[in-house]
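First up is the structure itself, then whatever we jot down about it.
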Amino acid sequence: MSSPEHEFTAEQELFRSTVREFCEKEISREYVRECDREHRAPTELYDKLAAQGWLGINIPEEHGGSGAGAVEVAILLEELGRSFLDLSFWVFRTVTWGGLALSRDGTDEQRRELLPRIASGELKVCFSLTEPDAGSDAAAISLAAVEDGDDFVLNGQKVFTSGFKVSDLDVVATRTSSGERKHHGITNFIVDTNSPGLEWSPIETLGHWPLGTAMLYFTDVRVPRERMLGTLHEGWADLGVYLRYERLCLSAARTGAAAAALADSVSYAKERHQFDQPISKFQAVAHRLADMQTMVEISQMLVYRYASRLDRGIANTRDAAILKLYACESYKQVADMGLQVLGGYGYTMEYDLQRHFRESRLGVIGAGTSDIQRNIIAKTMGL
């Protein structure tokens with residue numbers, strides 16, 4: 001079944017149906033609820049994805065992956081997001097900070113050493129950018145990396161490093177020099193999460209409990225020079241590439257989750273009777289569901305338009321911002337409207353709309369707020 005906006009190749013169609021069948025077989029609704037309630041990472045499922053070879057989907061074949069493109073990545077993340085959003089987010093970090101960042105900017109030695117182990121699921125990856133005083137103004141980061149012989153010594157803090165508790169490697173954006181241009185002097189490093197001097201504490205949040213997020217404290221953390229990712233002082237441009245890819249991944253995953261919220265809402269509306277008829281027969285409910293359907297389909301269109309443009313090398317910053325803005329705002333609205341369809345039952349923990357309601361709220365805040373996306377779009381318009 002093709003998405004309404006994109007004609008998949010036969011191979012892509014087969015891949016989509018294979019992932020969907022895997023999810024239907026392996027990811028039960030109760031398992032997702034257990035992971036949510038217990039704040040437990042779905043490690044068993046992650047290992048099963050590794051066994052399928054999907055963690056290396058965008059890693060070159062010579063390093064143990066499949067060498068697939070952005071469309072295939074979007075298919076995988078949308079289907080996983082439909083069943084278990086946090087699992088999809090775990091895979092998103094793998095394909096972005098592992099598959100993309102290391103394949104693109106890693107040294108030959110880094111690629112040989114790390115990529116096969118990421119593809120196999122042995123090494124898990126997260127990313128640290130945000131700091132207590134550097135959120136939307138991401139280039140204002142101040143975590144210092146000071147050269148000392150063959151090492152760099154890191155001191156400072158990071159906040160909202162999601163998935164840290166299950167990760168072996170952390171791609172950390174640091175400040176290696178200061179000058180008039182704050183975008184210059186940023187360098188990325190691949191840091192072992194068990195490094196001496198690196199401590200962390202969990203942050204309690206409204207949602208996304210299975211993987212969670214964390215505050216990190218770097219105190220004289222030594223990172224070998226050979227773990228630098230990319231060029232000294234020139235990491236900001238690389239981050240831009242990673243973050244635009246991140247916007248595809250997050251949007252695909254959330255589009256799948258929005259589709260699941262829609263499906264639950266439609267099912268409930270057809271089964272729930274009031275005033276001697278299914279509530280889906282009331283125009284107010286039907287129109288709400290129609291609006292939700294429209295938002296999900298437009299999100300799908302934007303996801304695969306952007307993925308296709310990435311694969312053809314013609315994607316731009318505005319494409320990424322429009323996708324991220326629309327997909328995240330839509331998921332939030334779909335979750336909110338779906339909860340309204342379920343009424344009082346939607347407010348109980350018995351139904352999954354409450355989880356969609358909680359988790360969708362992050363989309364318009366994290367990884368670049370909706371207002372930041374609007375600023376980007378406006379700038380490209382000459383405003």
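Each chain in the structure tokens gets a letter, A, B and so on, in the order shown; residues start at 1 in every chain, and ligands are counted from 1 in the order they appear.
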
### Query
Hey, what does DSSP flag as strand (DSSP E or B) within segment 11-249 of chain A? Can you give it to me as a PyMOL selection string?
chain A and resi 125-128+131+134+144-148+151-159+169-175+186-192+198-203+213-224+228-229+234

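The neighbours of segment 25-33 of chain A here are the residues that come within 8 Å of it, using only C-alpha atoms and leaving out any residue fewer than 3 positions away in the same chain; they are Glu21, Phe22, Asp36, Arg37, Leu45, Ser83 and Phe84 of chain A.
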
### Message
Which residues are near Lys165 of chain A? Cut-off 10 Å, only C-alpha atoms, ignore same chain within fewer than 5 positions. Put them as a PyMOL selection string.
### Response
chain A and resi 41+126+193+200-202+211-214

Go ahead and save the picked residues with C-alpha atoms, as an mmCIF file, in the first residue's frame.
```
data_model
loop_
_atom_site.group_PDB
_atom_site.id
_atom_site.type_symbol
_atom_site.label_atom_id
_atom_site.label_comp_id
_atom_site.auth_asym_id
_atom_site.auth_seq_id
_atom_site.Cartn_x
_atom_site.Cartn_y
_atom_site.Cartn_z
ATOM 1 C CA ALA A 41 13.650 0.633 27.202
ATOM 2 C CA CYS A 126 22.852 9.443 21.297
ATOM 3 C CA THR A 193 29.259 7.298 27.759
ATOM 4 C CA TRP A 200 24.461 12.075 34.407
ATOM 5 C CA SER A 201 21.098 12.355 36.080
ATOM 6 C CA PRO A 202 17.666 11.570 34.609
ATOM 7 C CA LEU A 211 14.217 5.956 26.847
ATOM 8 C CA GLY A 212 14.042 9.149 28.846
ATOM 9 C CA THR A 213 16.339 12.150 28.734
ATOM 10 C CA ALA A 214 19.217 13.324 30.890
#
```

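Candidate residues A:Leu243, A:Leu362, A:Val146, A:Met295 were compared for distance to Val223 of chain A, and the nearest is A:Val146, using only C-alpha atoms.
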
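One finds atom CA of Gly185 of chain A at 12.8 Å from atom CA of Glu147 of chain A.
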
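If only C-alpha atoms are the atoms counted, then among A:Ser136, A:Ala101, A:Tyr245, A:Glu131 the closest residue to Arg309 of chain A is A:Tyr245.
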
### Query
Per DSSP on the backbone, what are the helix (DSSP H, G or I) residues of segment 163-225 of chain A, as an MDAnalysis selection string?
chainID A and resid 164:166 225

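Of the listed residues A:Thr176, A:Thr219, A:Thr9, A:Ser251, the one whose atoms come nearest to Ser195 of chain A is A:Thr219, with distances taken using only C-alpha atoms.
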
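Across the structure, atom CA of Asn316 of chain A and atom CA of Leu55 of chain A are spaced 25.9 Å apart.
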
### Surrounding residues of segment 311-314 of chain A excluding itself and chain neighbours under 2 positions, 10 Å, only C-alpha atoms, as a ChimeraX atom specification
/A:68-71,306-309,316,319

Dump N, CA, C and O atoms for the selected residues as a CSV table (one decimal), in the first residue's frame?
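Printed below is again-v1.csv as written:
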```
chain,number,residue,atom,x,y,z
A,68,ALA,N,21.0,1.9,2.1
A,68,ALA,CA,19.7,2.4,1.6
A,68,ALA,C,19.6,4.0,1.7
A,68,ALA,O,20.4,4.6,2.5
A,69,GLY,N,18.6,4.5,1.1
A,69,GLY,CA,18.5,6.0,1.0
A,69,GLY,C,17.5,6.5,2.1
A,69,GLY,O,17.0,5.8,2.9
A,70,ALA,N,17.2,7.8,2.0
A,70,ALA,CA,16.3,8.5,2.9
A,70,ALA,C,14.9,8.0,2.8
A,70,ALA,O,14.2,7.9,3.9
A,71,VAL,N,14.4,7.6,1.7
A,71,VAL,CA,13.0,7.1,1.5
A,71,VAL,C,12.9,5.8,2.4
A,71,VAL,O,11.9,5.7,3.1
A,306,TYR,N,10.2,15.2,1.1
A,306,TYR,CA,11.6,15.6,1.6
A,306,TYR,C,12.6,14.5,1.5
A,306,TYR,O,13.7,14.7,1.1
A,307,ALA,N,12.1,13.3,1.8
A,307,ALA,CA,13.0,12.1,1.7
A,307,ALA,C,13.5,12.0,0.3
A,307,ALA,O,14.7,11.7,0.0
A,308,SER,N,12.6,12.1,-0.7
A,308,SER,CA,13.0,12.0,-2.1
A,308,SER,C,14.0,13.1,-2.5
A,308,SER,O,14.9,12.8,-3.2
A,309,ARG,N,13.7,14.3,-2.0
A,309,ARG,CA,14.6,15.4,-2.3
A,309,ARG,C,16.0,15.2,-1.7
A,309,ARG,O,17.0,15.6,-2.3
A,316,ASN,N,16.5,21.4,0.8
A,316,ASN,CA,17.1,22.6,1.3
A,316,ASN,C,16.5,22.8,2.7
A,316,ASN,O,15.7,22.1,3.2
A,319,ASP,N,12.7,23.2,3.1
A,319,ASP,CA,12.0,22.0,3.0
A,319,ASP,C,12.0,21.3,4.4
A,319,ASP,O,10.9,20.8,4.8
```

### Non-local contacts of Gly65 of chain A (9 Å; only C-alpha atoms; under 2 positions in same chain excluded) as a PyMOL selection string
chain A and resi 53-63+67-68+99+115-116+119-120

Take the residues just selected and output them with N, CA, C and O atoms as an mmCIF file, in the first residue's frame.
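Generated output (again_12.cif):
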```cif
data_model
loop_
_atom_site.group_PDB
_atom_site.id
_atom_site.type_symbol
_atom_site.label_atom_id
_atom_site.label_comp_id
_atom_site.auth_asym_id
_atom_site.auth_seq_id
_atom_site.Cartn_x
_atom_site.Cartn_y
_atom_site.Cartn_z
ATOM 1 N N GLY A 53 18.584 -6.595 10.367
ATOM 2 C CA GLY A 53 19.515 -5.790 9.587
ATOM 3 C C GLY A 53 19.084 -4.358 9.397
ATOM 4 O O GLY A 53 19.719 -3.602 8.652
ATOM 5 N N TRP A 54 18.031 -3.948 10.114
ATOM 6 C CA TRP A 54 17.459 -2.629 9.867
ATOM 7 C C TRP A 54 18.191 -1.497 10.574
ATOM 8 O O TRP A 54 18.038 -0.332 10.200
ATOM 9 N N LEU A 55 18.983 -1.806 11.591
ATOM 10 C CA LEU A 55 19.718 -0.734 12.275
ATOM 11 C C LEU A 55 20.813 -0.164 11.379
ATOM 12 O O LEU A 55 21.257 0.969 11.579
ATOM 13 N N GLY A 56 21.260 -0.937 10.405
ATOM 14 C CA GLY A 56 22.278 -0.471 9.472
ATOM 15 C C GLY A 56 21.698 -0.041 8.144
ATOM 16 O O GLY A 56 22.410 -0.024 7.132
ATOM 17 N N ILE A 57 20.429 0.344 8.148
ATOM 18 C CA ILE A 57 19.732 0.605 6.893
ATOM 19 C C ILE A 57 20.454 1.627 6.016
ATOM 20 O O ILE A 57 20.531 1.468 4.791
ATOM 21 N N ASN A 58 21.025 2.670 6.618
ATOM 22 C CA ASN A 58 21.694 3.706 5.814
ATOM 23 C C ASN A 58 23.215 3.671 5.982
ATOM 24 O O ASN A 58 23.912 4.613 5.587
ATOM 25 N N ILE A 59 23.733 2.601 6.578
ATOM 26 C CA ILE A 59 25.179 2.420 6.699
ATOM 27 C C ILE A 59 25.677 1.713 5.441
ATOM 28 O O ILE A 59 25.043 0.777 4.961
ATOM 29 N N PRO A 60 26.795 2.164 4.866
ATOM 30 C CA PRO A 60 27.295 1.540 3.631
ATOM 31 C C PRO A 60 27.497 0.035 3.790
ATOM 32 O O PRO A 60 27.829 -0.460 4.871
ATOM 33 N N GLU A 61 27.320 -0.683 2.699
ATOM 34 C CA GLU A 61 27.422 -2.144 2.729
ATOM 35 C C GLU A 61 28.796 -2.606 3.203
ATOM 36 O O GLU A 61 28.901 -3.620 3.904
ATOM 37 N N GLU A 62 29.854 -1.879 2.844
ATOM 38 C CA GLU A 62 31.198 -2.307 3.244
ATOM 39 C C GLU A 62 31.415 -2.215 4.750
ATOM 40 O O GLU A 62 32.390 -2.751 5.277
ATOM 41 N N HIS A 63 30.485 -1.545 5.445
ATOM 42 C CA HIS A 63 30.591 -1.439 6.902
ATOM 43 C C HIS A 63 29.434 -2.146 7.595
ATOM 44 O O HIS A 63 29.095 -1.822 8.745
ATOM 45 N N GLY A 67 23.067 0.337 2.983
ATOM 46 C CA GLY A 67 23.328 1.418 2.044
ATOM 47 C C GLY A 67 22.079 2.004 1.427
ATOM 48 O O GLY A 67 22.119 2.554 0.316
ATOM 49 N N ALA A 68 20.951 1.930 2.131
ATOM 50 C CA ALA A 68 19.690 2.438 1.589
ATOM 51 C C ALA A 68 19.609 3.956 1.736
ATOM 52 O O ALA A 68 20.386 4.578 2.459
ATOM 53 N N GLY A 99 24.506 6.099 11.468
ATOM 54 C CA GLY A 99 24.531 5.888 10.024
ATOM 55 C C GLY A 99 24.903 7.107 9.204
ATOM 56 O O GLY A 99 25.772 7.036 8.335
ATOM 57 N N LEU A 115 31.000 1.574 12.769
ATOM 58 C CA LEU A 115 29.774 1.367 11.998
ATOM 59 C C LEU A 115 29.267 -0.076 12.022
ATOM 60 O O LEU A 115 28.060 -0.296 12.205
ATOM 61 N N PRO A 116 30.133 -1.088 11.850
ATOM 62 C CA PRO A 116 29.600 -2.460 11.914
ATOM 63 C C PRO A 116 28.978 -2.783 13.264
ATOM 64 O O PRO A 116 27.981 -3.519 13.342
ATOM 65 N N ALA A 119 25.557 -1.105 13.379
ATOM 66 C CA ALA A 119 24.606 -1.845 12.546
ATOM 67 C C ALA A 119 24.142 -3.128 13.231
ATOM 68 O O ALA A 119 22.989 -3.555 13.067
ATOM 69 N N SER A 120 25.020 -3.755 14.000
ATOM 70 C CA SER A 120 24.675 -5.013 14.665
ATOM 71 C C SER A 120 23.893 -4.801 15.957
ATOM 72 O O SER A 120 23.409 -5.768 16.552
#
```

### Message
Applying 12 Å and only C-alpha atoms, which residues near Tyr304 of chain A remain after dropping the ones on its own chain fewer than 2 positions away? List them as a ChimeraX atom specification.
### Response
/A:2-8,69-75,77-78,248-249,251-252,255,297-302,306-311,315,319-320,323,327

### Task
In Å, rounded to a single decimal, give me how far atom CA of Pro196 of chain A is from atom CA of Val221 of chain A.
6.2 Å
